[in-house]
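These notes concern the structure reproduced below.
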Amino acid sequence: MKVLMIGDIVGSPGRQAIKTLLGKLKTVHKPELVVANGENAAGGSGLTPAMVKELLSFGIDVITSGDHIWKKKEVLDIIDIENRLLRPANYPFGVPGKGSLVIEGKSGIKIGVINLLGRVFMMPMDCPFKSVREEIDRIKKETRVIVVDIHAEATSEKIAMGWYLDGLVSAVAGTHTHVQTSDEKILPNKTAYISDIGMTGPINSVLGRRKEQVLERFITCMPVRFQMADENIQLQGVVIDIDPRTGRASFIERIIEKL
């Protein structure tokens with residue numbers, strides 16, 4: 001069985017890429033489940049209830065997030081209601097929403113999805129390494145197939161998480177940096193790994209924002225209002241082949257589809 005994981009959806013260009021391209025990808029790869037990081041879908045930062053519903057209607061099964069999940073306060077109206085929207089599991093106890101779920105795929109196979117947030121160069125947070133083991137112990141009672149989205153800045157932290165979870169989960173996929181890496185691999189104990197699955201949005205940009213505005217900020221060090229770019233829109237991600245009986249991955253492939 002296959003799981004499709006899609007990189008950070010950025011603004012309206014990213015949502016348009018999902019609307020236009022996801023159907024084709026599902027026809028070609030026939031994934032059991034589609035997981036996408038959607039925390040930048042609202043103008044490049046945050047999510048609204050309307051956008052959550054929109055992305056789910058386009059064929060995404062689970063929406064993961066990260067450090068921008070609370071940027072739009074309206075998300076609080078839906079995060080305790082819509083189980084398919086995750087916030088990182090290592091937020092402090094008592095925070096709204098949840099960091100993992102077990103969901104049935106297209107043919108009824110149960111799949112666990114865990115969302116984590118890194119700590120290196122990011123905000124203080126509970127330990128993702130300890131938190132993920134608690135989530136895995138709970139999910140393993142229902143299924144061996146578990147995929148992890150670690151939303152983190154430092155490549156070292158993501159790689160460390162991959163080695164830490166090798167053999168415990170089916171896949172560890174990094175998000176957050178918006179730049180797809182070429183280090184996809186199957187680790188020795190059959191966990192699929194990649195440091196970053198990329199960005200779904202305008203590639204001729206600086207992480208989705210108009211490059212001229214970002215350059216002005218870097219050159220002048222003055223405040224600049226960033227707007228969404230709109231050139232060379234792509235959908236980026238990975239397809240992972242997993243044995244549903246054992247939870248072991250046998251194959252991971254990067255995907256880049258142009259709008």
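Just so we're on the same page: first chain in the structure tokens is A, next is B, and so on; residues restart at 1 for each chain, and ligands are numbered from 1 in the order they show up.
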With a distance cut-off of 12 Å and only C-alpha atoms, select the neighbouring residues of Ser12 (chain A), excluding the residue or stretch itself and same-chain residues fewer than 6 positions from it, and output the selection as a list in words.
Ile18, Lys19, Gly38, Asn40, Ala41, Ala42, Gly43, Gly44, Ser45, Leu47, Met51, Glu54, Leu55, Thr200, Gly201, Pro202, Gly208, Arg209, Gln227, Met228, Ala229, Asp230 and Ile233 of chain A
Go ahead and save the residues from that selection, with C-alpha atoms, as a PDB file, in the first residue's frame.
ATOM      1  CA  ILE A  18      -3.834  20.779  -4.568  1.00  0.00           C
ATOM      2  CA  LYS A  19      -7.170  21.372  -6.278  1.00  0.00           C
ATOM      3  CA  GLY A  38      -1.375  22.811   5.641  1.00  0.00           C
ATOM      4  CA  ASN A  40       0.673  27.958   5.708  1.00  0.00           C
ATOM      5  CA  ALA A  41      -2.468  27.698   3.589  1.00  0.00           C
ATOM      6  CA  ALA A  42      -3.949  31.025   4.741  1.00  0.00           C
ATOM      7  CA  GLY A  43      -1.914  33.703   2.997  1.00  0.00           C
ATOM      8  CA  GLY A  44       1.311  31.920   3.872  1.00  0.00           C
ATOM      9  CA  SER A  45       0.767  31.622   7.616  1.00  0.00           C
ATOM     10  CA  LEU A  47      -5.240  28.031   8.698  1.00  0.00           C
ATOM     11  CA  MET A  51      -9.542  26.384   4.296  1.00  0.00           C
ATOM     12  CA  GLU A  54     -11.561  23.184   1.367  1.00  0.00           C
ATOM     13  CA  LEU A  55      -8.371  21.123   1.549  1.00  0.00           C
ATOM     14  CA  THR A 200       3.368  23.153  -2.519  1.00  0.00           C
ATOM     15  CA  GLY A 201       3.123  26.663  -3.909  1.00  0.00           C
ATOM     16  CA  PRO A 202       5.102  29.213  -5.952  1.00  0.00           C
ATOM     17  CA  GLY A 208       6.529  31.287  -1.105  1.00  0.00           C
ATOM     18  CA  ARG A 209       6.904  35.058  -0.720  1.00  0.00           C
ATOM     19  CA  GLN A 227       3.060  39.062  -0.218  1.00  0.00           C
ATOM     20  CA  MET A 228       2.506  35.701  -1.867  1.00  0.00           C
ATOM     21  CA  ALA A 229       4.411  34.963  -5.052  1.00  0.00           C
ATOM     22  CA  ASP A 230       2.601  33.376  -7.973  1.00  0.00           C
ATOM     23  CA  ILE A 233       3.564  26.705  -8.910  1.00  0.00           C
TER      24      ILE A 233
END
List every residue of region 177-215 of chain A that has an atom at most 12 Å from any atom of region 132-145 of chain A, and for each one report the closest atom pair and its distance in Å to one decimal, counting only C-alpha atoms, with rows sorted by chain and then by increasing residue number, as a tab-separated table.
residue	atom	partner	partner_atom	distance
A:Lys190	CA	A:Val145	CA	11.8
A:Thr191	CA	A:Val145	CA	10.4
A:Ala192	CA	A:Val145	CA	11.7
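Within the 6 Å cut-off around Ile150 (chain A), using only C-alpha atoms and omitting residues fewer than 3 positions from it on the same chain, the listed residues are Leu116, Leu117 and Gly174 of chain A.
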Write the selection just made, keeping all heavy atoms, as a compact mmCIF listing (two decimals), in the first residue's frame?
# COMPACT_ATOMS: atom_id res chain seq x y z
N LEU A 116 4.77 16.25 14.80
CA LEU A 116 5.73 16.71 15.80
C LEU A 116 6.28 18.08 15.42
O LEU A 116 6.29 18.46 14.25
CB LEU A 116 6.91 15.73 15.92
CG LEU A 116 6.61 14.31 16.38
CD1 LEU A 116 7.86 13.46 16.27
CD2 LEU A 116 6.06 14.30 17.80
N LEU A 117 6.79 18.80 16.42
CA LEU A 117 7.43 20.10 16.21
C LEU A 117 8.84 20.06 16.78
O LEU A 117 9.04 19.66 17.94
CB LEU A 117 6.63 21.21 16.89
CG LEU A 117 7.03 22.65 16.60
CD1 LEU A 117 6.89 22.97 15.12
CD2 LEU A 117 6.17 23.62 17.42
N GLY A 174 10.18 15.07 7.01
CA GLY A 174 10.37 16.42 7.49
C GLY A 174 9.58 17.44 6.70
O GLY A 174 9.39 17.30 5.49
Selection: 9 Å around His176 (chain A), only C-alpha atoms, excl. self and same-chain fewer than 5 positions, as a PyMOL selection string:
chain A and resi 7-8+37+66-67+150-153+196-199
Prev. selection, all heavy atoms, output as a short mmCIF file (atom, residue, chain, number, x, y, z; two decimals), in the first residue's frame:
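Output below, filename selection-v5.cif:
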data_model
loop_
_atom_site.label_atom_id
_atom_site.label_comp_id
_atom_site.auth_asym_id
_atom_site.auth_seq_id
_atom_site.Cartn_x
_atom_site.Cartn_y
_atom_site.Cartn_z
N GLY A 7 4.17 18.32 0.86
CA GLY A 7 4.88 19.37 1.57
C GLY A 7 4.06 20.63 1.76
O GLY A 7 3.03 20.83 1.10
N ASP A 8 4.54 21.50 2.64
CA ASP A 8 3.84 22.69 3.10
C ASP A 8 3.04 23.41 2.01
O ASP A 8 3.61 23.90 1.03
CB ASP A 8 4.84 23.68 3.70
CG ASP A 8 5.58 23.12 4.89
OD1 ASP A 8 6.23 22.06 4.74
OD2 ASP A 8 5.54 23.73 5.96
N ASN A 37 0.86 18.86 4.92
CA ASN A 37 1.07 19.91 5.90
C ASN A 37 0.40 21.18 5.37
O ASN A 37 0.77 21.70 4.33
CB ASN A 37 2.56 20.15 6.15
CG ASN A 37 2.78 21.05 7.35
OD1 ASN A 37 2.50 22.23 7.31
ND2 ASN A 37 3.27 20.47 8.43
N GLY A 66 2.24 22.89 12.34
CA GLY A 66 3.52 23.14 12.99
C GLY A 66 3.46 24.41 13.82
O GLY A 66 2.48 24.66 14.52
N ASP A 67 4.48 25.24 13.70
CA ASP A 67 4.60 26.41 14.55
C ASP A 67 3.64 27.53 14.18
O ASP A 67 3.44 28.46 14.97
CB ASP A 67 6.03 26.95 14.54
CG ASP A 67 6.54 27.24 13.13
OD1 ASP A 67 6.33 26.41 12.23
OD2 ASP A 67 7.17 28.29 12.94
N ILE A 150 7.58 15.50 11.01
CA ILE A 150 8.33 16.30 11.96
C ILE A 150 8.60 17.66 11.33
O ILE A 150 9.35 17.79 10.36
CB ILE A 150 9.64 15.64 12.45
CG1 ILE A 150 10.38 16.61 13.37
CG2 ILE A 150 10.48 15.11 11.30
CD1 ILE A 150 11.50 16.02 14.18
N HIS A 151 7.96 18.67 11.90
CA HIS A 151 8.02 20.04 11.39
C HIS A 151 9.14 20.75 12.13
O HIS A 151 8.98 21.17 13.28
CB HIS A 151 6.66 20.72 11.65
CG HIS A 151 6.42 21.94 10.83
ND1 HIS A 151 6.09 21.89 9.50
CD2 HIS A 151 6.47 23.25 11.16
CE1 HIS A 151 5.90 23.11 9.04
NE2 HIS A 151 6.15 23.97 10.03
N ALA A 152 10.31 20.85 11.49
CA ALA A 152 11.49 21.30 12.22
C ALA A 152 12.43 22.09 11.31
O ALA A 152 12.46 21.90 10.10
CB ALA A 152 12.23 20.12 12.82
N GLU A 153 13.20 22.97 11.95
CA GLU A 153 14.14 23.83 11.23
C GLU A 153 15.46 23.12 10.94
O GLU A 153 16.00 23.21 9.84
CB GLU A 153 14.42 25.09 12.07
CG GLU A 153 15.24 26.14 11.36
CD GLU A 153 14.43 26.96 10.38
OE1 GLU A 153 13.23 27.16 10.61
OE2 GLU A 153 15.02 27.41 9.37
N ASP A 196 13.18 16.79 4.17
CA ASP A 196 12.07 17.72 3.89
C ASP A 196 11.39 17.33 2.58
O ASP A 196 12.06 17.14 1.56
CB ASP A 196 12.56 19.16 3.81
CG ASP A 196 11.42 20.15 4.05
OD1 ASP A 196 10.58 20.33 3.15
OD2 ASP A 196 11.35 20.72 5.16
N ILE A 197 10.07 17.23 2.63
CA ILE A 197 9.33 16.80 1.45
C ILE A 197 8.99 17.96 0.52
O ILE A 197 8.44 17.75 -0.56
CB ILE A 197 8.05 16.03 1.83
CG1 ILE A 197 7.13 16.87 2.73
CG2 ILE A 197 8.41 14.74 2.52
CD1 ILE A 197 5.85 16.14 3.12
N GLY A 198 9.35 19.19 0.92
CA GLY A 198 9.21 20.32 0.00
C GLY A 198 8.02 21.22 0.25
O GLY A 198 7.42 21.20 1.32
N MET A 199 7.70 22.01 -0.76
CA MET A 199 6.66 23.02 -0.66
C MET A 199 5.65 22.86 -1.80
O MET A 199 6.02 22.52 -2.93
CB MET A 199 7.28 24.43 -0.74
CG MET A 199 6.28 25.56 -0.66
SD MET A 199 7.06 27.21 -0.72
CE MET A 199 7.41 27.35 -2.48
#
